[in-house]
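Visitor: Encoded as structure tokens, here's the structure I'll be asking about.
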Amino acid sequence: AFGNRDASAASSQGVLAAIPPAPEPLTAVSRRLRDAYVSSGRDARPTAATVGRGLGRVLAGLRSESATEVRRRMEAAEEWDLLFGEWYNLLEAAADPLEAFASYRRTVLAEFPRYEKVGLPGAVSSLLRHLSEERRPAFALECLRNGDIARLPEELAGRCIASANLAVALDPEDKTGQEAAKLVSEAARSRKVKLQPDRPLLRGVWAAARAKATLAELRLQETRDAVTALSEAEHTLFAQGFLAPALERGSNKMDHQQALAATAGGRPALLAKPYLDFFKAKRKLAWPESLHAALRFWLAFDGREEGNLSELEPTGRRGLLLALEKLSAAELAGIDRKLRQARIDRRATERWQEIQKILEKRRRNPWGRLLRVFGRS
């Protein structure tokens with residue numbers, strides 16, 4: 001009859017249901033059943049939990065006062081595993097595991113503080129395993145919000161924090177993510193948990209970029225480490241919101257390269273669209289320092305720069321031509337003087353001359369003139 005856990009629980013329930021529904025015999029028989037199974041060679045802890053499942057089914061049919069008294073006797077005898085079996089039974093039978101946990105917390109954990117110290121970590125751990133991926137982050141975040149995280153052992157706390165991290169919205173426009181980011185970052189710092197990816201960090205630097213923070217405040221090296229752990233979809237979302245304002249902070253070719261490499265995180269192909277949007281953006285100045293930084297970077301580019309950005313070179317060249325052909329002849333002459341004063345090397349000079357030839361050819365094309373008119377509108 002006791003070939004598996006469910007059969008053992010059902011058999012235990014059958015035995016317990018056959019005795020008087022009073023606290024003393026239910027407590028005594030539960031312990032004797034457990035001892036009998038253990039003496040036959042079974043492991044004590046899983047056996048006690050299995051008997052506890054059967055006891056839990058019986059307790060569900062008792063008056064609350066009687067069920068509470070059974071639990072009180074179990075707590076006094078420190079029969080933690082028998083008590084915990086009731087939670088397993090509730091969890092496995094629940095239509096909504098979160099509602100089952102809330103009920104168990106009110107009726108059992110809150111009523112028996114000695115048992116709660118032992119039972120809470122087990123209940124949280126089993127519930128995390130039982131919940132779907134979609135529901136797990138919200139529950140883990142609630143554990144941080146109500147302080148449960150402080151009562152969890154290190155490994156479980158780490159799992160809980162990692163799951164709650166998934167509840168942090170990257171986009172700072174999503175205001176619901178602000179509290180979550182603070183809770184997760186504080187818990188991770190307190191428990192020395194490394195977030196993979198560090199979603200509070202990414203949310204924070206995205207907000208900082210939009211608020212026109214300095215490039216140093218965007219923590220580019222940490223940003224680069226964090227985006228590598230994002231899914232491709234979320235990485236794309238982050239790049240669309242972060243890249244252009246980060247590049248606008250750049251004033252030289254090194255700044256430009258670092259902002260690109262940090263946002264790419266080893267997947268530069270994901271930056272193609274937001275990078276082209278950076279060149280197309282309307283600005284108060286026709287040729288700000290951020291665009292000049294992009295020009296200097298690609299003129300000097302040799303493919304050995306940190307960040308493996310070769311895949312972005314066609315996009316960079318295309319974007320530069322789009323931005324440059326909107327300029328007047330006098331504005332282009334000003335860029336030429338600036339490059340000569342910087343004493344760019346031979347290869348960069350040749351590339352600049354090539355760009356000037358392409359621009360001149362486009363200027364002679366009537367369609368090019370039309371595009372420049374619309375580009376300035």
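We name chains A, B, ... following the order of the structure tokens; residues begin at 1 in each chain, and ligands are numbered from 1 as shown.
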Might you pull out every residue within 9 Å of Glu289 (chain A), with only C-alpha atoms counted and same-chain residues fewer than 5 positions away left off, and present them as an MDAnalysis selection string?
Guide: chainID A and resid 248:252 294
Visitor: Which residues come within 12 Å of Leu332 (chain A), counting only C-alpha atoms, excluding same-chain residues fewer than 6 positions away, as a count of residues only?
Guide: 16
Visitor: Skipping near chain neighbours, those fewer than 4 positions away, what residues fall within 8 Å of Val108 (chain A) using only C-alpha atoms, listed as a VMD selection string?
Guide: chain A and resid 68 71 104 112
Visitor: Measuring between only C-alpha atoms, which one of A:Leu322, A:Ala262, A:Leu62, A:Ala208 shows the shortest distance to Arg362 (chain A)?
Guide: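 Of the candidates, the smallest distance to Arg362 (chain A) is held by A:Leu322.
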Visitor: Would you mind writing down, as a ChimeraX atom specification, each residue of region 130-189 of chain A that DSSP on the backbone assigns to alpha helix (DSSP H)?
Guide: /A:130,136-145,154-165,176-189
Visitor: For C-alpha atoms, I'd like the residues from the last selection saved as a compact mmCIF listing (two decimals), in the first residue's frame.
Guide:
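This went into again-v1.txt:
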```
# COMPACT_ATOMS: atom_id res chain seq x y z
CA HIS A 130 5.82 25.12 -8.04
CA ARG A 136 7.43 33.45 -9.76
CA PRO A 137 8.98 36.96 -9.96
CA ALA A 138 5.98 38.70 -8.37
CA PHE A 139 5.97 36.25 -5.43
CA ALA A 140 9.73 36.58 -4.95
CA LEU A 141 9.40 40.37 -5.01
CA GLU A 142 6.73 40.16 -2.32
CA CYS A 143 9.18 38.18 -0.16
CA LEU A 144 11.55 41.14 -0.41
CA ARG A 145 8.79 43.65 0.23
CA GLU A 154 21.74 32.10 1.87
CA GLU A 155 21.10 29.80 -1.10
CA LEU A 156 17.32 30.29 -1.00
CA ALA A 157 17.68 34.04 -0.52
CA GLY A 158 19.87 34.12 -3.63
CA ARG A 159 17.25 32.25 -5.66
CA CYS A 160 14.54 34.54 -4.39
CA ILE A 161 16.50 37.69 -5.24
CA ALA A 162 17.35 36.35 -8.70
CA SER A 163 13.69 35.66 -9.37
CA ALA A 164 12.56 39.05 -8.03
CA ASN A 165 15.15 40.64 -10.33
CA THR A 176 6.00 50.06 -11.40
CA GLY A 177 9.63 49.07 -11.78
CA GLN A 178 11.00 51.81 -9.54
CA GLU A 179 10.11 50.19 -6.22
CA ALA A 180 11.11 46.75 -7.51
CA ALA A 181 14.52 48.05 -8.62
CA LYS A 182 15.19 49.54 -5.20
CA LEU A 183 14.12 46.41 -3.32
CA VAL A 184 16.14 44.08 -5.54
CA SER A 185 19.31 46.18 -5.54
CA GLU A 186 19.23 46.60 -1.75
CA ALA A 187 18.61 42.89 -1.17
CA ALA A 188 21.36 41.89 -3.62
CA ARG A 189 23.82 44.26 -1.95
```
Visitor: Between A:Leu295, A:Leu202, A:Ala49, A:Leu152, which residue has the minimum interatomic distance to Gln221 (chain A), considering only C-alpha atoms?
Guide: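 Smallest distance to Gln221 (chain A) is found for A:Leu202.
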Visitor: Tell me, in Å to one decimal, how far CA of Lys357 (chain A) is from CA of Phe279 (chain A).
Guide: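 Rounded to one decimal, the two atoms are 19.9 Å apart.
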Visitor: Env of region 59-61 of chain A: 12 Å cut, atoms = only C-alpha atoms, seq-sep filter 3 positions within chain, self excluded. Answer as a ChimeraX atom specification.
Guide: /A:13,16-17,21-23,26-27,30,52-56,64-71,83,85-87,89-90,93,104,107-108
Visitor: Of the candidates A:Lys273, A:Arg210, A:Arg351, A:Arg337, which shows the shortest atom-to-atom distance to Phe297 (chain A), using only C-alpha atoms?
Guide: A:Arg351
Visitor: Please determine, counting only C-alpha atoms, which residue among A:Arg73, A:Arg364, A:Lys280, A:Arg224 has the shortest atom-to-atom distance to Asp198 (chain A).
Guide: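 Answer, going by the shortest atom-to-atom distance: A:Arg224.
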Visitor: In Å to one decimal, how far is CA of Glu331 (chain A) from CA of Leu260 (chain A)?
Guide: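 Atom-to-atom, CA of Leu260 (chain A) and CA of Glu331 (chain A) are spaced 26.2 Å apart.
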Visitor: Find the residues around region 115-121 of chain A up to 7 Å (only C-alpha atoms counted), leave out those fewer than 2 positions away in its own chain, and share them as a PyMOL selection string.
Guide: chain A and resi 75+80+84+109+112-113+123-125+152
Visitor: Which is closest to Gly204 (chain A) among A:Arg340, A:Arg219, A:Arg105, A:Arg318, if we use only C-alpha atoms?
Guide: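 Closest candidate: A:Arg219.
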Visitor: Please produce, as JSON lines, a per-residue contact table for region 144-251 of chain A versus region 268-272 of chain A (criterion: any atom at most 12 Å away, only C-alpha atoms considered), showing the nearest atom pair and its distance in Å to one decimal, sorted by chain then residue number.
Guide:
```
{"residue": "A:Arg224", "atom": "CA", "partner": "A:Pro268", "partner_atom": "CA", "distance": 11.6}
{"residue": "A:Val227", "atom": "CA", "partner": "A:Leu270", "partner_atom": "CA", "distance": 11.5}
{"residue": "A:Thr228", "atom": "CA", "partner": "A:Pro268", "partner_atom": "CA", "distance": 11.0}
{"residue": "A:Ser231", "atom": "CA", "partner": "A:Leu270", "partner_atom": "CA", "distance": 11.4}
{"residue": "A:Glu232", "atom": "CA", "partner": "A:Leu270", "partner_atom": "CA", "distance": 8.0}
{"residue": "A:Ala233", "atom": "CA", "partner": "A:Leu270", "partner_atom": "CA", "distance": 9.3}
{"residue": "A:Glu234", "atom": "CA", "partner": "A:Leu270", "partner_atom": "CA", "distance": 10.5}
{"residue": "A:His235", "atom": "CA", "partner": "A:Leu270", "partner_atom": "CA", "distance": 7.7}
{"residue": "A:Thr236", "atom": "CA", "partner": "A:Leu270", "partner_atom": "CA", "distance": 5.9}
{"residue": "A:Leu237", "atom": "CA", "partner": "A:Leu270", "partner_atom": "CA", "distance": 9.5}
{"residue": "A:Phe238", "atom": "CA", "partner": "A:Leu271", "partner_atom": "CA", "distance": 9.9}
{"residue": "A:Ala239", "atom": "CA", "partner": "A:Leu271", "partner_atom": "CA", "distance": 6.4}
{"residue": "A:Gln240", "atom": "CA", "partner": "A:Leu271", "partner_atom": "CA", "distance": 7.8}
{"residue": "A:Gly241", "atom": "CA", "partner": "A:Leu271", "partner_atom": "CA", "distance": 10.9}
{"residue": "A:Phe242", "atom": "CA", "partner": "A:Leu271", "partner_atom": "CA", "distance": 10.5}
{"residue": "A:Leu243", "atom": "CA", "partner": "A:Leu271", "partner_atom": "CA", "distance": 8.0}
{"residue": "A:Ala244", "atom": "CA", "partner": "A:Leu271", "partner_atom": "CA", "distance": 10.1}
```
Visitor: Quote the spacing between CA of Ala330 (chain A) and CA of Lys361 (chain A) in Å to one decimal place.
Guide: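 The value is 17.0 Å.
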